[in-house]
$ cat coords_14.cif   # mmCIF, C-alpha atoms
data_run
#
loop_
_atom_site.label_atom_id
_atom_site.label_comp_id
_atom_site.auth_asym_id
_atom_site.auth_seq_id
_atom_site.Cartn_x
_atom_site.Cartn_y
_atom_site.Cartn_z
CA ALA A 187 0.00 0.00 0.00
CA ASN A 188 1.14 3.51 -0.71
CA CYS A 189 1.93 5.48 2.41
CA ALA A 190 1.53 9.22 2.68
CA ARG A 191 4.61 11.15 3.58
CA PRO A 192 4.82 12.13 7.23
CA SER A 193 3.20 15.48 7.89
CA ALA A 194 6.38 16.55 9.68
CA GLU A 195 8.00 17.02 6.28
CA ARG A 196 5.51 19.73 5.41
CA PRO A 197 6.29 23.27 6.49
CA VAL A 198 4.24 24.27 9.50
CA THR A 199 3.34 27.91 10.02
CA VAL A 200 3.23 28.85 13.68
CA MET A 201 1.91 32.29 14.48
CA PRO A 202 3.69 34.29 17.18
CA THR A 203 2.05 34.98 20.53
CA LEU A 204 1.39 38.22 22.39
CA TYR A 205 1.40 37.65 26.16
CA VAL A 206 -0.46 40.28 28.19
CA VAL A 207 1.53 40.15 31.42
CA ALA A 208 0.28 41.59 34.70
CA THR A 209 3.11 42.68 37.00
CA PRO A 210 3.17 43.60 40.71
CA ILE A 211 1.53 46.86 41.76
CA GLY A 212 4.31 47.42 44.26
CA ASN A 213 5.56 44.34 46.08
CA LEU A 214 7.83 42.28 43.83
CA SER A 215 7.11 39.24 45.98
CA ASP A 216 3.77 39.09 44.17
CA LEU A 217 5.54 37.94 41.01
CA SER A 218 4.17 34.56 40.00
CA PRO A 219 6.23 31.66 38.60
CA ARG A 220 4.17 31.98 35.41
CA VAL A 221 5.32 35.57 34.89
CA ARG A 222 8.92 34.41 35.15
CA GLU A 223 8.28 31.54 32.73
CA THR A 224 6.62 33.89 30.27
CA LEU A 225 9.40 36.49 30.36
CA GLU A 226 11.95 33.71 29.91
CA ARG A 227 10.04 32.48 26.85
CA VAL A 228 9.48 35.71 24.93
CA ASP A 229 11.86 37.39 22.53
CA LEU A 230 10.82 40.97 23.23
CA VAL A 231 9.07 43.04 25.90
CA ALA A 232 6.71 45.83 24.85
CA ALA A 233 6.72 48.01 27.94
CA GLU A 234 4.93 51.15 29.07
CA ASP A 235 8.31 52.25 30.45
CA THR A 236 11.41 50.30 29.43
CA ARG A 237 13.17 51.37 32.63
CA MET A 238 10.49 49.71 34.75
CA ALA A 239 10.65 46.63 32.54
CA MET A 240 14.40 46.40 33.00
CA LYS A 241 14.00 46.71 36.76
CA LEU A 242 11.60 43.77 36.68
CA LEU A 243 13.83 41.69 34.39
CA ASN A 244 16.88 42.42 36.53
CA HIS A 245 14.97 41.30 39.62
CA LEU A 246 14.32 37.99 37.87
CA GLY A 247 17.89 37.72 36.60
CA LEU A 248 16.72 37.89 32.99
CA SER A 249 17.95 39.83 29.99
CA ARG A 250 15.47 40.65 27.22
CA PRO A 251 15.30 43.50 24.73
CA ALA A 252 12.48 45.98 25.36
CA VAL A 253 10.69 48.60 23.32
CA SER A 254 8.42 51.33 24.61
CA CYS A 255 4.68 51.12 24.02
CA HIS A 256 3.02 53.86 26.02
CA ARG A 257 0.01 56.14 25.81
CA HIS A 258 1.72 58.67 23.53
CA ASN A 259 3.21 56.29 20.95
CA GLU A 260 1.04 53.17 21.10
CA GLU A 261 -1.10 54.11 18.11
CA SER A 262 1.91 54.14 15.78
CA ARG A 263 4.08 51.64 17.66
CA ALA A 264 1.46 48.85 17.73
CA SER A 265 1.60 48.21 13.98
CA VAL A 266 5.42 48.23 14.02
CA ILE A 267 5.52 45.61 16.79
CA ILE A 268 2.94 43.43 15.05
CA GLU A 269 4.80 43.61 11.74
CA ARG A 270 8.01 42.61 13.50
CA MET A 271 6.31 39.72 15.29
CA ILE A 272 5.08 38.31 12.00
CA ALA A 273 8.25 38.99 9.99
CA GLU A 274 10.59 37.51 12.62
CA ASN A 275 8.09 35.03 14.13
CA ILE A 276 8.79 36.24 17.67
CA ASP A 277 6.75 36.18 20.86
CA VAL A 278 6.22 39.42 22.77
CA ALA A 279 5.28 40.21 26.37
CA LEU A 280 3.18 43.34 26.90
CA THR A 281 3.70 44.97 30.30
CA CYS A 282 2.73 48.21 32.01
CA ASP A 283 4.45 49.96 34.90
CA ALA A 284 2.29 48.19 37.49
CA GLY A 285 -0.73 45.92 37.39
CA THR A 286 -2.56 44.69 34.32
CA PRO A 287 -1.96 46.23 30.87
CA ALA A 288 -4.90 47.96 29.18
CA ILE A 289 -6.73 48.53 32.48
CA SER A 290 -6.45 52.34 32.75
CA ASP A 291 -3.00 51.78 31.26
CA PRO A 292 -1.66 51.46 27.71
CA GLY A 293 -1.95 48.18 25.86
CA ASN A 294 -5.40 47.80 24.33
CA ARG A 295 -4.31 49.07 20.91
CA LEU A 296 -1.49 46.55 20.69
CA VAL A 297 -3.80 43.76 21.82
CA ASP A 298 -6.43 44.84 19.28
CA ALA A 299 -3.80 44.94 16.52
CA ALA A 300 -2.70 41.43 17.46
CA TRP A 301 -6.24 40.09 17.18
CA ARG A 302 -6.71 41.79 13.82
CA ALA A 303 -3.48 40.25 12.54
CA GLY A 304 -4.48 36.77 13.65
CA ILE A 305 -1.84 36.67 16.37
CA ARG A 306 -2.57 34.54 19.41
CA VAL A 307 -3.24 36.59 22.57
CA VAL A 308 -2.56 34.97 25.95
CA PRO A 309 -3.31 36.76 29.24
CA VAL A 310 -0.92 36.12 32.12
CA CYS A 311 -3.05 37.23 35.04
CA GLY A 312 -1.77 38.88 38.16
CA PRO A 313 -2.14 41.88 40.45
CA SER A 314 -4.71 44.61 39.87
CA ALA A 315 -5.13 47.65 42.10
CA THR A 316 -8.87 47.66 41.36
CA VAL A 317 -9.53 44.13 42.57
CA THR A 318 -7.08 44.47 45.48
CA ALA A 319 -8.84 47.61 46.72
CA LEU A 320 -12.28 46.02 46.35
CA SER A 321 -11.21 42.98 48.34
CA ALA A 322 -9.99 45.13 51.24
CA SER A 323 -12.91 47.59 51.25
CA GLY A 324 -15.47 45.34 52.89
CA PHE A 325 -18.15 46.72 50.59
CA ASP A 326 -20.57 44.48 48.69
CA ALA A 327 -18.75 44.30 45.35
CA ARG A 328 -20.91 41.75 43.57
CA GLU A 329 -21.62 44.53 41.13
CA PHE A 330 -19.20 47.39 40.51
CA ALA A 331 -18.08 49.81 37.81
CA PHE A 332 -14.53 50.93 37.08
CA TYR A 333 -13.94 54.49 35.87
CA GLY A 334 -10.16 54.94 35.98
CA PHE A 335 -9.11 58.59 36.35
CA LEU A 336 -11.95 61.10 36.57
CA PRO A 337 -11.90 64.59 34.97
CA ARG A 338 -9.59 67.13 36.58
CA GLU A 339 -11.68 70.26 36.09
CA LYS A 340 -14.36 70.99 38.69
CA LYS A 341 -17.47 71.12 36.49
CA PRO A 342 -16.74 67.98 34.41
CA LEU A 343 -15.78 66.17 37.64
CA ILE A 344 -19.08 67.01 39.34
CA GLU A 345 -20.99 66.00 36.20
CA LYS A 346 -19.14 62.68 36.10
CA LEU A 347 -19.84 61.96 39.77
CA GLU A 348 -23.52 62.73 39.20
CA ALA A 349 -23.51 60.38 36.19
CA ILE A 350 -21.88 57.64 38.26
CA ARG A 351 -24.67 57.89 40.81
CA ALA A 352 -27.34 57.99 38.12
CA GLY A 353 -25.84 54.85 36.55
CA GLY A 354 -27.30 52.73 39.32
CA VAL A 355 -24.23 50.56 40.00
CA PRO A 356 -23.69 50.51 43.79
CA ILE A 357 -19.89 50.42 43.80
CA ALA A 358 -17.52 52.63 41.79
CA VAL A 359 -13.73 52.33 41.60
CA VAL A 360 -11.54 55.25 40.53
CA TYR A 361 -7.85 56.11 40.46
CA GLU A 362 -6.31 59.41 41.49
CA SER A 363 -2.89 61.01 41.79
CA PRO A 364 -1.61 62.02 45.24
CA HIS A 365 -1.68 65.72 44.30
CA ARG A 366 -5.41 65.72 43.51
CA VAL A 367 -6.81 63.09 45.85
CA VAL A 368 -8.02 65.52 48.54
CA ASN A 369 -9.77 67.66 45.92
CA LEU A 370 -11.46 64.53 44.58
CA ILE A 371 -12.69 63.45 48.01
CA GLU A 372 -13.99 66.99 48.65
CA ALA A 373 -15.95 66.77 45.39
CA ILE A 374 -17.27 63.32 46.32
CA ASP A 375 -18.36 64.57 49.75
CA ARG A 376 -20.19 67.54 48.19
CA THR A 377 -21.79 65.63 45.33
CA LEU A 378 -22.44 62.25 46.99
CA PRO A 379 -22.87 63.14 50.70
CA GLY A 380 -23.43 60.08 52.84
CA CYS A 381 -21.58 57.63 50.62
CA ASN A 382 -18.90 55.37 52.06
CA LEU A 383 -15.29 55.38 50.89
CA ALA A 384 -12.28 53.11 51.07
CA VAL A 385 -9.28 55.15 49.99
CA CYS A 386 -6.31 52.89 49.35
CA CYS A 387 -2.79 54.28 49.12
CA ASP A 388 0.32 52.43 47.96
CA LEU A 389 -1.30 49.00 47.98
CA THR A 390 1.18 46.15 48.67
CA LYS A 391 4.00 48.65 49.34
CA LEU A 392 5.84 49.48 52.56
CA TYR A 393 3.65 52.47 53.45
CA GLU A 394 0.32 50.95 52.43
CA ALA A 395 -2.65 52.67 54.06
CA ILE A 396 -6.42 52.30 53.74
CA TYR A 397 -8.82 54.97 54.98
CA ARG A 398 -12.40 53.74 55.34
CA GLY A 399 -15.60 55.45 56.49
CA THR A 400 -18.13 57.96 55.29
CA SER A 401 -16.92 60.51 52.75
CA ALA A 402 -16.83 63.16 55.50
CA GLU A 403 -14.85 60.92 57.88
CA VAL A 404 -12.32 59.96 55.23
CA LEU A 405 -11.95 63.57 54.11
CA GLU A 406 -11.10 64.58 57.67
CA LYS A 407 -8.46 61.83 57.92
CA MET A 408 -6.92 62.77 54.59
CA ARG A 409 -6.73 66.47 55.44
CA ALA A 410 -4.95 65.58 58.69
CA ASN A 411 -2.38 63.38 56.94
CA PRO A 412 0.90 65.30 56.36
CA ASN A 413 2.00 62.65 53.84
CA VAL A 414 -1.20 62.67 51.81
CA GLU A 415 0.63 63.70 48.63
CA LYS A 416 2.80 60.59 48.64
CA GLY A 417 1.83 57.36 46.96
CA GLU A 418 -0.77 56.31 44.40
CA TYR A 419 -4.46 56.10 45.20
CA CYS A 420 -7.32 53.77 44.36
CA LEU A 421 -10.72 54.77 45.72
CA VAL A 422 -13.73 52.52 46.23
CA ILE A 423 -17.00 54.47 46.47
CA ASP A 424 -19.98 52.73 48.08
CA LEU A 425 -23.15 54.43 46.86
CA SER A 426 -25.56 52.00 48.52
CA PRO A 427 -26.29 54.25 51.57
CA LEU A 428 -27.58 57.06 49.31
CA PRO A 429 -31.34 57.43 48.86
CA PRO A 430 -32.75 56.55 45.43
CA LEU A 431 -32.80 59.35 42.90
CA GLU A 432 -36.18 60.79 42.12
CA LYS A 433 -37.48 59.75 38.74
CA LYS A 434 -37.95 62.63 36.34
#

$ encode --input "coords_14.cif" --output "structure tokens"
Amino acid sequence: ANCARPSAERPVTVMPTLYVVATPIGNLSDLSPRVRETLERVDLVAAEDTRMAMKLLNHLGLSRPAVSCHRHNEESRASVIIERMIAENIDVALTCDAGTPAISDPGNRLVDAAWRAGIRVVPVCGPSATVTALSASGFDAREFAFYGFLPREKKPLIEKLEAIRAGGVPIAVVYESPHRVVNLIEAIDRTLPGCNLAVCCDLTKLYEAIYRGTSAEVLEKMRANPNVEKGEYCLVIDLSPLPPLEKK
């Protein structure tokens, strides 16, 4: 009988892989073995900040080339990275400075470009400030909405807070810089009086702090903190104590 030639003799096309790699939000001890395995496997790191990526690689004792892919160049850089992945058949790890790429951080355009090019996308899950803050808040987070950074200007900020309440989701999670966090809590206390807050600073880091209570109580604690402008903030807003809005 005639036998077909082994399929191994035929050229096999293997598409490269884009790994979306979550990294620690502060404490490097949160690095998982899978993150190490992934960074050992890839040929290139597409990083929000190559300096942060090198710090991470050095911690793991690894050496990998890195290219920047941040908010200001991602639109043009994504296609270049994808073209290189296909031309050189290389695997790439996408990282951001802390936490999970594309969650209020750069990365979604590169991931979208990978899908459009038929490139395999593999998430390597890990730390997220949003989920970490929710878990420590003690609020009922069976349903929540994430808003990232809210508007800086007073009027758009108030309008956004009013829209968040009108949206009907009982828990909202937002990020804020240390230089604006008190202003944000003041706006929350004025616009959503009676809501509860869990204000998380420097999660997983040495000076981690969580301030929990009503918006007025937390505002008082924050104003009394001489180090309030140090660290990064994630706020969990519990809207459930507020009375229902009147239907128009």

$ residues_near_point --input "coords_14.cif" --point "(9.8, 30.7, 29.6)" --cutoff "12 Å" --atoms "only C-alpha atoms" --output "PyMOL selection string"
chain A and resi 205+219-229+246+248+250+277-279

$ atom_distance --input "coords_14.cif" --atom1 "CA of Thr316 in chain A" --atom2 "CA of Cys386 in chain A"
9.9 Å

$ closest_residue --input "coords_14.cif" --among "A:Glu329, A:Ala352, A:Gly285, A:Ala322" --to "Leu383 in chain A" --atoms "all atoms listed in the file"
A:Ala322

$ residues_around --input "coords_14.cif" --residues "Val367 in chain A" --least-positions-apart "4" --cutoff "9 Å" --atoms "only C-alpha atoms" --output "VMD selection string"
chain A and resid 361 to 363 371 to 372 408 414 to 415 419

$ write_last_selection --input "coords_14.cif" --atoms "C-alpha atoms" --output "short mmCIF file (atom, residue, chain, number, x, y, z; two decimals), in the frame of the given file"
data_model
loop_
_atom_site.label_atom_id
_atom_site.label_comp_id
_atom_site.auth_asym_id
_atom_site.auth_seq_id
_atom_site.Cartn_x
_atom_site.Cartn_y
_atom_site.Cartn_z
CA TYR A 361 -7.85 56.11 40.46
CA GLU A 362 -6.31 59.41 41.49
CA SER A 363 -2.89 61.01 41.79
CA ILE A 371 -12.69 63.45 48.01
CA GLU A 372 -13.99 66.99 48.65
CA MET A 408 -6.92 62.77 54.59
CA VAL A 414 -1.20 62.67 51.81
CA GLU A 415 0.63 63.70 48.63
CA TYR A 419 -4.46 56.10 45.20
#

$ residues_around --input "coords_14.cif" --residues "Ile267 in chain A" --least-positions-apart "5" --cutoff "12 Å" --atoms "only C-alpha atoms" --output "PyMOL selection string"
chain A and resi 202-204+229-233+252-255+259-262+272-280+295-297+299-300+303+305

$ closest_residue --input "coords_14.cif" --among "A:Gly417, A:Ile374, A:Val355, A:Asp298" --to "Leu392 in chain A" --atoms "only C-alpha atoms"
A:Gly417

$ atom_distance --input "coords_14.cif" --atom1 "CA of Asp235 in chain A" --atom2 "CA of His256 in chain A"
7.1 Å

$ axis_aligned_box --input "coords_14.cif" --around "range 385-403 of chain A" --padding-each-side "6 Å" --output "lines of an AutoDock Vina configuration file"
center_x = -6.1
center_y = 54.7
center_z = 52.9
size_x = 36.0
size_y = 29.0
size_z = 21.9

$ resolve_selection --input "coords_14.cif" --expression "the PyMOL selection byres ((chain A and resi 431) around 10)" --output "PDB file with C-alpha atoms, in the frame of the given file"
ATOM      1  CA  ARG A 351     -24.670  57.890  40.810  1.00  0.00           C
ATOM      2  CA  ALA A 352     -27.340  57.990  38.120  1.00  0.00           C
ATOM      3  CA  GLY A 354     -27.300  52.730  39.320  1.00  0.00           C
ATOM      4  CA  LEU A 428     -27.580  57.060  49.310  1.00  0.00           C
ATOM      5  CA  PRO A 429     -31.340  57.430  48.860  1.00  0.00           C
ATOM      6  CA  PRO A 430     -32.750  56.550  45.430  1.00  0.00           C
ATOM      7  CA  GLU A 432     -36.180  60.790  42.120  1.00  0.00           C
ATOM      8  CA  LYS A 433     -37.480  59.750  38.740  1.00  0.00           C
ATOM      9  CA  LYS A 434     -37.950  62.630  36.340  1.00  0.00           C
TER      10      LYS A 434
END

$ closest_residue --input "coords_14.cif" --among "A:Gly380, A:Pro313, A:His365, A:Ile289" --to "Arg338 in chain A" --atoms "all atoms listed in the file"
A:His365

$ resolve_selection --input "coords_14.cif" --expression "the PyMOL selection byres ((chain A and resi 407) around 12)" --output "list in words"
Val368, Ile371, Glu372, Leu383, Ala384, Val385, Ala395, Ile396, Tyr397, Arg398, Gly399, Thr400, Ser401, Ala402, Glu403, Val404, Leu405, Glu406, Met408, Arg409, Ala410, Asn411, Pro412, Asn413 and Val414 of chain A

$ resolve_selection --input "coords_14.cif" --expression "the PyMOL selection byres ((chain A and resi 328) around 12)" --output "ChimeraX atom specification"
/A:317,320-321,324-327,329-331,355-358,424

$ closest_residue --input "coords_14.cif" --among "A:Ala288, A:Val310, A:Ile268, A:Val359" --to "Val207 in chain A" --atoms "all atoms listed in the file"
A:Val310

$ residues_around --input "coords_14.cif" --residues "Pro287 in chain A" --least-positions-apart "5" --cutoff "10 Å" --atoms "all atoms listed in the file" --output "VMD selection string"
chain A and resid 206 to 209 233 to 234 280 to 282 292 to 294 297 309 311 314

$ closest_residue --input "coords_14.cif" --among "A:Arg302, A:Arg263, A:Lys416, A:Lys391" --to "Asp216 in chain A" --atoms "all atoms listed in the file"
A:Lys391

$ atom_distance --input "coords_14.cif" --atom1 "CA of Ala373 in chain A" --atom2 "CA of Leu389 in chain A"
23.2 Å

$ closest_residue --input "coords_14.cif" --among "A:Asp388, A:Asp283, A:Glu418, A:Asp375" --to "Phe335 in chain A" --atoms "all atoms listed in the file"
A:Glu418

$ build_atoms --input "coords_14.cif" --residues "range 315-339 of chain A" --atoms "N, CA, C and O atoms" --output "PDB file, in the coordinates of the input"
ATOM      1  N   ALA A 315      -4.786  46.755  40.995  1.00  0.00           N
ATOM      2  CA  ALA A 315      -5.130  47.650  42.100  1.00  0.00           C
ATOM      3  C   ALA A 315      -6.632  47.691  42.331  1.00  0.00           C
ATOM      4  O   ALA A 315      -7.099  47.782  43.474  1.00  0.00           O
ATOM      5  N   THR A 316      -7.409  47.613  41.248  1.00  0.00           N
ATOM      6  CA  THR A 316      -8.870  47.660  41.360  1.00  0.00           C
ATOM      7  C   THR A 316      -9.395  46.514  42.215  1.00  0.00           C
ATOM      8  O   THR A 316     -10.123  46.718  43.188  1.00  0.00           O
ATOM      9  N   VAL A 317      -9.029  45.303  41.855  1.00  0.00           N
ATOM     10  CA  VAL A 317      -9.530  44.130  42.570  1.00  0.00           C
ATOM     11  C   VAL A 317      -8.961  44.078  43.994  1.00  0.00           C
ATOM     12  O   VAL A 317      -9.655  43.704  44.943  1.00  0.00           O
ATOM     13  N   THR A 318      -7.693  44.466  44.149  1.00  0.00           N
ATOM     14  CA  THR A 318      -7.080  44.470  45.480  1.00  0.00           C
ATOM     15  C   THR A 318      -7.813  45.434  46.401  1.00  0.00           C
ATOM     16  O   THR A 318      -8.106  45.107  47.565  1.00  0.00           O
ATOM     17  N   ALA A 319      -8.124  46.627  45.908  1.00  0.00           N
ATOM     18  CA  ALA A 319      -8.840  47.610  46.720  1.00  0.00           C
ATOM     19  C   ALA A 319     -10.244  47.125  47.060  1.00  0.00           C
ATOM     20  O   ALA A 319     -10.705  47.270  48.204  1.00  0.00           O
ATOM     21  N   LEU A 320     -10.932  46.549  46.096  1.00  0.00           N
ATOM     22  CA  LEU A 320     -12.280  46.020  46.350  1.00  0.00           C
ATOM     23  C   LEU A 320     -12.257  44.957  47.432  1.00  0.00           C
ATOM     24  O   LEU A 320     -13.115  44.936  48.328  1.00  0.00           O
ATOM     25  N   SER A 321     -11.263  44.087  47.383  1.00  0.00           N
ATOM     26  CA  SER A 321     -11.210  42.980  48.340  1.00  0.00           C
ATOM     27  C   SER A 321     -10.986  43.476  49.762  1.00  0.00           C
ATOM     28  O   SER A 321     -11.419  42.834  50.719  1.00  0.00           O
ATOM     29  N   ALA A 322     -10.306  44.603  49.910  1.00  0.00           N
ATOM     30  CA  ALA A 322      -9.990  45.130  51.240  1.00  0.00           C
ATOM     31  C   ALA A 322     -11.021  46.142  51.740  1.00  0.00           C
ATOM     32  O   ALA A 322     -10.968  46.557  52.896  1.00  0.00           O
ATOM     33  N   SER A 323     -11.960  46.537  50.880  1.00  0.00           N
ATOM     34  CA  SER A 323     -12.910  47.590  51.250  1.00  0.00           C
ATOM     35  C   SER A 323     -13.988  47.104  52.210  1.00  0.00           C
ATOM     36  O   SER A 323     -14.495  47.869  53.035  1.00  0.00           O
ATOM     37  N   GLY A 324     -14.369  45.850  52.088  1.00  0.00           N
ATOM     38  CA  GLY A 324     -15.470  45.340  52.890  1.00  0.00           C
ATOM     39  C   GLY A 324     -16.836  45.700  52.353  1.00  0.00           C
ATOM     40  O   GLY A 324     -17.866  45.347  52.938  1.00  0.00           O
ATOM     41  N   PHE A 325     -16.877  46.375  51.204  1.00  0.00           N
ATOM     42  CA  PHE A 325     -18.150  46.720  50.590  1.00  0.00           C
ATOM     43  C   PHE A 325     -18.660  45.549  49.749  1.00  0.00           C
ATOM     44  O   PHE A 325     -17.885  44.686  49.328  1.00  0.00           O
ATOM     45  N   ASP A 326     -19.958  45.534  49.498  1.00  0.00           N
ATOM     46  CA  ASP A 326     -20.570  44.480  48.690  1.00  0.00           C
ATOM     47  C   ASP A 326     -20.251  44.735  47.222  1.00  0.00           C
ATOM     48  O   ASP A 326     -20.883  45.563  46.569  1.00  0.00           O
ATOM     49  N   ALA A 327     -19.251  44.031  46.704  1.00  0.00           N
ATOM     50  CA  ALA A 327     -18.750  44.300  45.350  1.00  0.00           C
ATOM     51  C   ALA A 327     -19.216  43.260  44.330  1.00  0.00           C
ATOM     52  O   ALA A 327     -18.529  43.001  43.352  1.00  0.00           O
ATOM     53  N   ARG A 328     -20.392  42.690  44.575  1.00  0.00           N
ATOM     54  CA  ARG A 328     -20.910  41.750  43.570  1.00  0.00           C
ATOM     55  C   ARG A 328     -21.209  42.444  42.254  1.00  0.00           C
ATOM     56  O   ARG A 328     -21.228  41.819  41.196  1.00  0.00           O
ATOM     57  N   GLU A 329     -21.418  43.728  42.328  1.00  0.00           N
ATOM     58  CA  GLU A 329     -21.620  44.530  41.130  1.00  0.00           C
ATOM     59  C   GLU A 329     -20.862  45.842  41.313  1.00  0.00           C
ATOM     60  O   GLU A 329     -21.093  46.558  42.288  1.00  0.00           O
ATOM     61  N   PHE A 330     -19.951  46.141  40.398  1.00  0.00           N
ATOM     62  CA  PHE A 330     -19.200  47.390  40.510  1.00  0.00           C
ATOM     63  C   PHE A 330     -18.860  47.908  39.116  1.00  0.00           C
ATOM     64  O   PHE A 330     -18.915  47.180  38.126  1.00  0.00           O
ATOM     65  N   ALA A 331     -18.487  49.182  39.066  1.00  0.00           N
ATOM     66  CA  ALA A 331     -18.080  49.810  37.810  1.00  0.00           C
ATOM     67  C   ALA A 331     -16.722  50.471  38.015  1.00  0.00           C
ATOM     68  O   ALA A 331     -16.468  51.066  39.066  1.00  0.00           O
ATOM     69  N   PHE A 332     -15.860  50.349  37.012  1.00  0.00           N
ATOM     70  CA  PHE A 332     -14.530  50.930  37.080  1.00  0.00           C
ATOM     71  C   PHE A 332     -14.463  52.125  36.142  1.00  0.00           C
ATOM     72  O   PHE A 332     -14.833  52.037  34.970  1.00  0.00           O
ATOM     73  N   TYR A 333     -13.957  53.262  36.654  1.00  0.00           N
ATOM     74  CA  TYR A 333     -13.940  54.490  35.870  1.00  0.00           C
ATOM     75  C   TYR A 333     -12.537  55.045  35.627  1.00  0.00           C
ATOM     76  O   TYR A 333     -12.396  56.059  34.942  1.00  0.00           O
ATOM     77  N   GLY A 334     -11.505  54.425  36.181  1.00  0.00           N
ATOM     78  CA  GLY A 334     -10.160  54.940  35.980  1.00  0.00           C
ATOM     79  C   GLY A 334     -10.005  56.327  36.583  1.00  0.00           C
ATOM     80  O   GLY A 334     -10.510  56.614  37.660  1.00  0.00           O
ATOM     81  N   PHE A 335      -9.309  57.222  35.874  1.00  0.00           N
ATOM     82  CA  PHE A 335      -9.110  58.590  36.350  1.00  0.00           C
ATOM     83  C   PHE A 335     -10.278  59.469  35.924  1.00  0.00           C
ATOM     84  O   PHE A 335     -10.657  59.483  34.743  1.00  0.00           O
ATOM     85  N   LEU A 336     -10.823  60.207  36.857  1.00  0.00           N
ATOM     86  CA  LEU A 336     -11.950  61.100  36.570  1.00  0.00           C
ATOM     87  C   LEU A 336     -11.445  62.441  36.051  1.00  0.00           C
ATOM     88  O   LEU A 336     -10.259  62.751  36.157  1.00  0.00           O
ATOM     89  N   PRO A 337     -12.329  63.278  35.483  1.00  0.00           N
ATOM     90  CA  PRO A 337     -11.900  64.590  34.970  1.00  0.00           C
ATOM     91  C   PRO A 337     -11.236  65.439  36.048  1.00  0.00           C
ATOM     92  O   PRO A 337     -11.594  65.366  37.226  1.00  0.00           O
ATOM     93  N   ARG A 338     -10.293  66.270  35.628  1.00  0.00           N
ATOM     94  CA  ARG A 338      -9.590  67.130  36.580  1.00  0.00           C
ATOM     95  C   ARG A 338     -10.364  68.402  36.907  1.00  0.00           C
ATOM     96  O   ARG A 338     -10.359  68.866  38.039  1.00  0.00           O
ATOM     97  N   GLU A 339     -10.989  68.988  35.893  1.00  0.00           N
ATOM     98  CA  GLU A 339     -11.680  70.260  36.090  1.00  0.00           C
ATOM     99  C   GLU A 339     -12.955  70.070  36.925  1.00  0.00           C
ATOM    100  O   GLU A 339     -13.605  69.026  36.865  1.00  0.00           O
TER     101      GLU A 339
END
